[in-house]
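Written below as structure tokens is the structure these notes are about.
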Amino acid sequence: MRKQKGRLLLIIPYFLISLLPLGVFFLKGVYEIINSDSKIMSSLVDMRVVVLLLKTVFYSLSVALIVVLFALIIALGLVSMDKRWRKFFVWLLIGFIAVPISIHTVMWMNIVSLINTVIGSKIYLTGWGISVFIQVIAWLPLAIIIIYDSMMKIPMSLMEAGRILSSDRKVFFRIWLPQCKTGLIIVTIGVFVLTFNDYSVPSTFAMSTFAMEIFARYSISLNAGDTFIASLPMIIVGMSLAFPLISSISKQFFSRPSKRNDDFIKTLKFSKKYISKFAIIILFVIILLPLAVLIYGSNFSDFSIVKDGGKEILNTLWICFGATLLATPIMLSAALSIYRNKKWQTSSFLMILLPTLISPSLIGAALINFMNVPLFRWIYLSSGMGMLAVIIRFMPIGILIIIAGLRKIPDDLITVAYMTSKNIKKTLIKVIIPLIMPSILIAASVVFLLGIGEMGTTVMVLPAGISTITVRLMGYLHYGATELIAELSLVVVALLLIFELIIYGVINKWLKNLRRRRDV
């Protein structure tokens, strides 16, 4: 019983940092609703709000379905490629996952501008079409990697048994594709939720969404009750998708690793002949072409890193570095707690994923409401608010990564470690943590790299005089000051790639050391 309580205590830091501000905000919202007139409640059934919600659902669903379709085809093409090309594109996609959506916007605005100049056309960058396109381009790298991973985990024995009884085409449609369903579900729900909760891209292209409604309401009224009521449909939509998302994540990422499988797909003529070539073309278009146009459109002769974004870059790196340092021990303790308490894993996953299922604007409103008190004023008026925003938004992903690392450790190894040492802390420090150190490094890197592109919450919570590079880029885009956007975007992309290479080198070195120890 004491051990059970001790394990549960490990998750308390996560609840205090991530869920307490949200819980206090929701309770305050309920209290204000009870003690107010009926105007707040009537806003929930306002016809304009209902129509806006339905439009946002349709918009998000369109993005999710397009992303799933293209990601499935491209992932199939990746599996069909030669190993050299496959490795090149997989690492390229992984590198592009962390590129902020604001930079994707800048790159494609440059492409449209170049097209208008060359052919003399007038393509206007407003409305639903361009917003859907940018969202699709931004989420495709992550979606491709997830579906590709699910394809490579299909058991070879299943394919071999199927090929004995049926033709390759039947095996592909009746066994191969259904086996990819976990990856398809994760991508569909994940992209839908991310698009549904995002307001940065739609607002850039003069398009109103439900997430923007929440941002606008709280910015005008600062009323927790009104904001809480307005956000209820988004919370309901997010929570209704939580359980299938948790189930699919558990099946794909928390199962024991199996032998990687690509032999079956290589035998299919249509995959090798057509789909792999189509995948290469699409990958060049969505990754290398925008980057090339961005470089082409840059003019560094008038650019000064000190004047044009240097302060914001330093602020961003400081916020992300601080957030990573604070988040890493919290992620580790939460992951250990969930891993050990298997009875409460589903409810624990739900609590962990809650910040990713609600709008960044709602997280921002909750943080402002919670921290704007005399006790926390020193944090409220500092870059600590940005750190909290990054921690709350991306810590759930890091926790899932560490849990996946724990699941890959053989159970008998952990059992022997605990049997041979009575000191649990000693076993944890000398056996378990070294084995999952690559997962811990990846989790910390995810918080740092994704934090660089965070905009939805930081734009609300950062005090006057402190800004991040993403907020500055979006400000340029909104107000049409596009003179130095290309140069600034290239600097951010270069920084991301440098950090990714450093992180890859550190993780690779640690893995080599682990392999040497096992061989000895």
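Each chain in the structure tokens gets a letter, A, B, ..., in the order shown, and its residues are numbered from 1; ligands are numbered from 1 in order too.
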Non-local contacts of Leu184 of chain A (10 Å; only C-alpha atoms; under 6 positions in same chain excluded) as a PDB file with N, CA, C and O atoms, in the first residue's frame:
```
ATOM      1  N   LEU A  65      -8.368  14.708 -43.121  1.00  0.00           N
ATOM      2  CA  LEU A  65      -8.566  13.691 -44.169  1.00  0.00           C
ATOM      3  C   LEU A  65      -7.549  13.840 -45.296  1.00  0.00           C
ATOM      4  O   LEU A  65      -7.029  12.847 -45.819  1.00  0.00           O
ATOM      5  N   VAL A  68      -4.174  12.565 -43.947  1.00  0.00           N
ATOM      6  CA  VAL A  68      -4.149  11.101 -43.857  1.00  0.00           C
ATOM      7  C   VAL A  68      -3.958  10.473 -45.232  1.00  0.00           C
ATOM      8  O   VAL A  68      -3.157   9.542 -45.400  1.00  0.00           O
ATOM      9  N   LEU A  69      -4.681  10.976 -46.228  1.00  0.00           N
ATOM     10  CA  LEU A  69      -4.590  10.421 -47.588  1.00  0.00           C
ATOM     11  C   LEU A  69      -3.170  10.552 -48.136  1.00  0.00           C
ATOM     12  O   LEU A  69      -2.565   9.563 -48.592  1.00  0.00           O
ATOM     13  N   ALA A  71      -0.359  11.290 -46.459  1.00  0.00           N
ATOM     14  CA  ALA A  71       0.626  10.634 -45.585  1.00  0.00           C
ATOM     15  C   ALA A  71       0.653   9.133 -45.827  1.00  0.00           C
ATOM     16  O   ALA A  71       1.732   8.515 -45.813  1.00  0.00           O
ATOM     17  N   LEU A  72      -0.508   8.531 -46.061  1.00  0.00           N
ATOM     18  CA  LEU A  72      -0.585   7.088 -46.342  1.00  0.00           C
ATOM     19  C   LEU A  72       0.159   6.745 -47.632  1.00  0.00           C
ATOM     20  O   LEU A  72       0.951   5.797 -47.677  1.00  0.00           O
ATOM     21  N   ALA A 143       2.802  13.266 -39.704  1.00  0.00           N
ATOM     22  CA  ALA A 143       1.831  12.234 -40.098  1.00  0.00           C
ATOM     23  C   ALA A 143       2.502  11.114 -40.892  1.00  0.00           C
ATOM     24  O   ALA A 143       2.220   9.920 -40.682  1.00  0.00           O
ATOM     25  N   ILE A 144       3.402  11.476 -41.798  1.00  0.00           N
ATOM     26  CA  ILE A 144       4.106  10.470 -42.618  1.00  0.00           C
ATOM     27  C   ILE A 144       4.936   9.557 -41.724  1.00  0.00           C
ATOM     28  O   ILE A 144       4.920   8.333 -41.888  1.00  0.00           O
ATOM     29  N   ILE A 146       4.547   8.826 -38.530  1.00  0.00           N
ATOM     30  CA  ILE A 146       3.690   7.966 -37.694  1.00  0.00           C
ATOM     31  C   ILE A 146       3.143   6.793 -38.501  1.00  0.00           C
ATOM     32  O   ILE A 146       3.183   5.634 -38.051  1.00  0.00           O
ATOM     33  N   ILE A 147       2.646   7.065 -39.710  1.00  0.00           N
ATOM     34  CA  ILE A 147       2.082   5.982 -40.537  1.00  0.00           C
ATOM     35  C   ILE A 147       3.188   5.061 -41.040  1.00  0.00           C
ATOM     36  O   ILE A 147       3.013   3.834 -41.095  1.00  0.00           O
ATOM     37  N   SER A 150       3.991   2.690 -38.291  1.00  0.00           N
ATOM     38  CA  SER A 150       2.987   1.622 -38.150  1.00  0.00           C
ATOM     39  C   SER A 150       3.141   0.565 -39.243  1.00  0.00           C
ATOM     40  O   SER A 150       2.939  -0.627 -39.005  1.00  0.00           O
ATOM     41  N   LEU A 177      -3.186  -2.980 -45.100  1.00  0.00           N
ATOM     42  CA  LEU A 177      -3.808  -1.694 -44.770  1.00  0.00           C
ATOM     43  C   LEU A 177      -4.554  -1.722 -43.436  1.00  0.00           C
ATOM     44  O   LEU A 177      -4.419  -0.788 -42.634  1.00  0.00           O
ATOM     45  N   PRO A 178      -5.365  -2.764 -43.150  1.00  0.00           N
ATOM     46  CA  PRO A 178      -6.013  -2.810 -41.824  1.00  0.00           C
ATOM     47  C   PRO A 178      -5.022  -2.825 -40.657  1.00  0.00           C
ATOM     48  O   PRO A 178      -5.324  -2.316 -39.584  1.00  0.00           O
ATOM     49  N   GLY A 190      -5.221  13.174 -34.216  1.00  0.00           N
ATOM     50  CA  GLY A 190      -4.205  14.155 -33.829  1.00  0.00           C
ATOM     51  C   GLY A 190      -4.256  15.413 -34.677  1.00  0.00           C
ATOM     52  O   GLY A 190      -4.270  16.532 -34.143  1.00  0.00           O
ATOM     53  N   SER A 248      -5.017   3.837 -29.469  1.00  0.00           N
ATOM     54  CA  SER A 248      -4.147   3.687 -30.649  1.00  0.00           C
ATOM     55  C   SER A 248      -2.690   3.969 -30.311  1.00  0.00           C
ATOM     56  O   SER A 248      -1.789   3.275 -30.797  1.00  0.00           O
TER      57      SER A 248
END
```
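The list of residues with at least one atom within 9 Å of Ala444 of chain A, based on only C-alpha atoms and without residues fewer than 3 positions apart in the same chain, reads Thr324, Leu325, Ala327, Thr328, Met331, Met395, Gly398, Ser439, Ile440, Leu441, Val447, Phe448 and Leu449 of chain A.
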My list of candidates is A:Met239, A:Ile33, A:Leu52, A:Met385. Which is closest to Ile17 of chain A when distances are computed with only C-alpha atoms?
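The shortest atom-to-atom distance to Ile17 of chain A comes from A:Met385.
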Find the spatial neighbours of Phe278 of chain A, counting only C-alpha atoms, within a cut-off of 8 Å - ignore same-chain residues fewer than 3 positions away - and output them as JSON, numbers by chain.
{"A": [74, 77, 274, 275, 281, 282]}
With only C-alpha atoms as the atoms that count, which of A:Tyr504, A:Phe88, A:Phe15, A:Phe370 lies nearest to Leu354 of chain A?
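Closest candidate: A:Phe15.
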Could you list, as a ChimeraX atom specification, every residue within 12 Å of Phe133 of chain A, counting only C-alpha atoms and ignoring same-chain residues fewer than 5 positions away?
/A:59-60,62-64,66-67,101,104-105,108-109,125-128,138-140,195,201-202,205,286
With distances taken over only C-alpha atoms, which residue among A:Ile246, A:Ile352, A:Val491, A:Leu332 lies nearest Ile429 of chain A?
A:Leu332
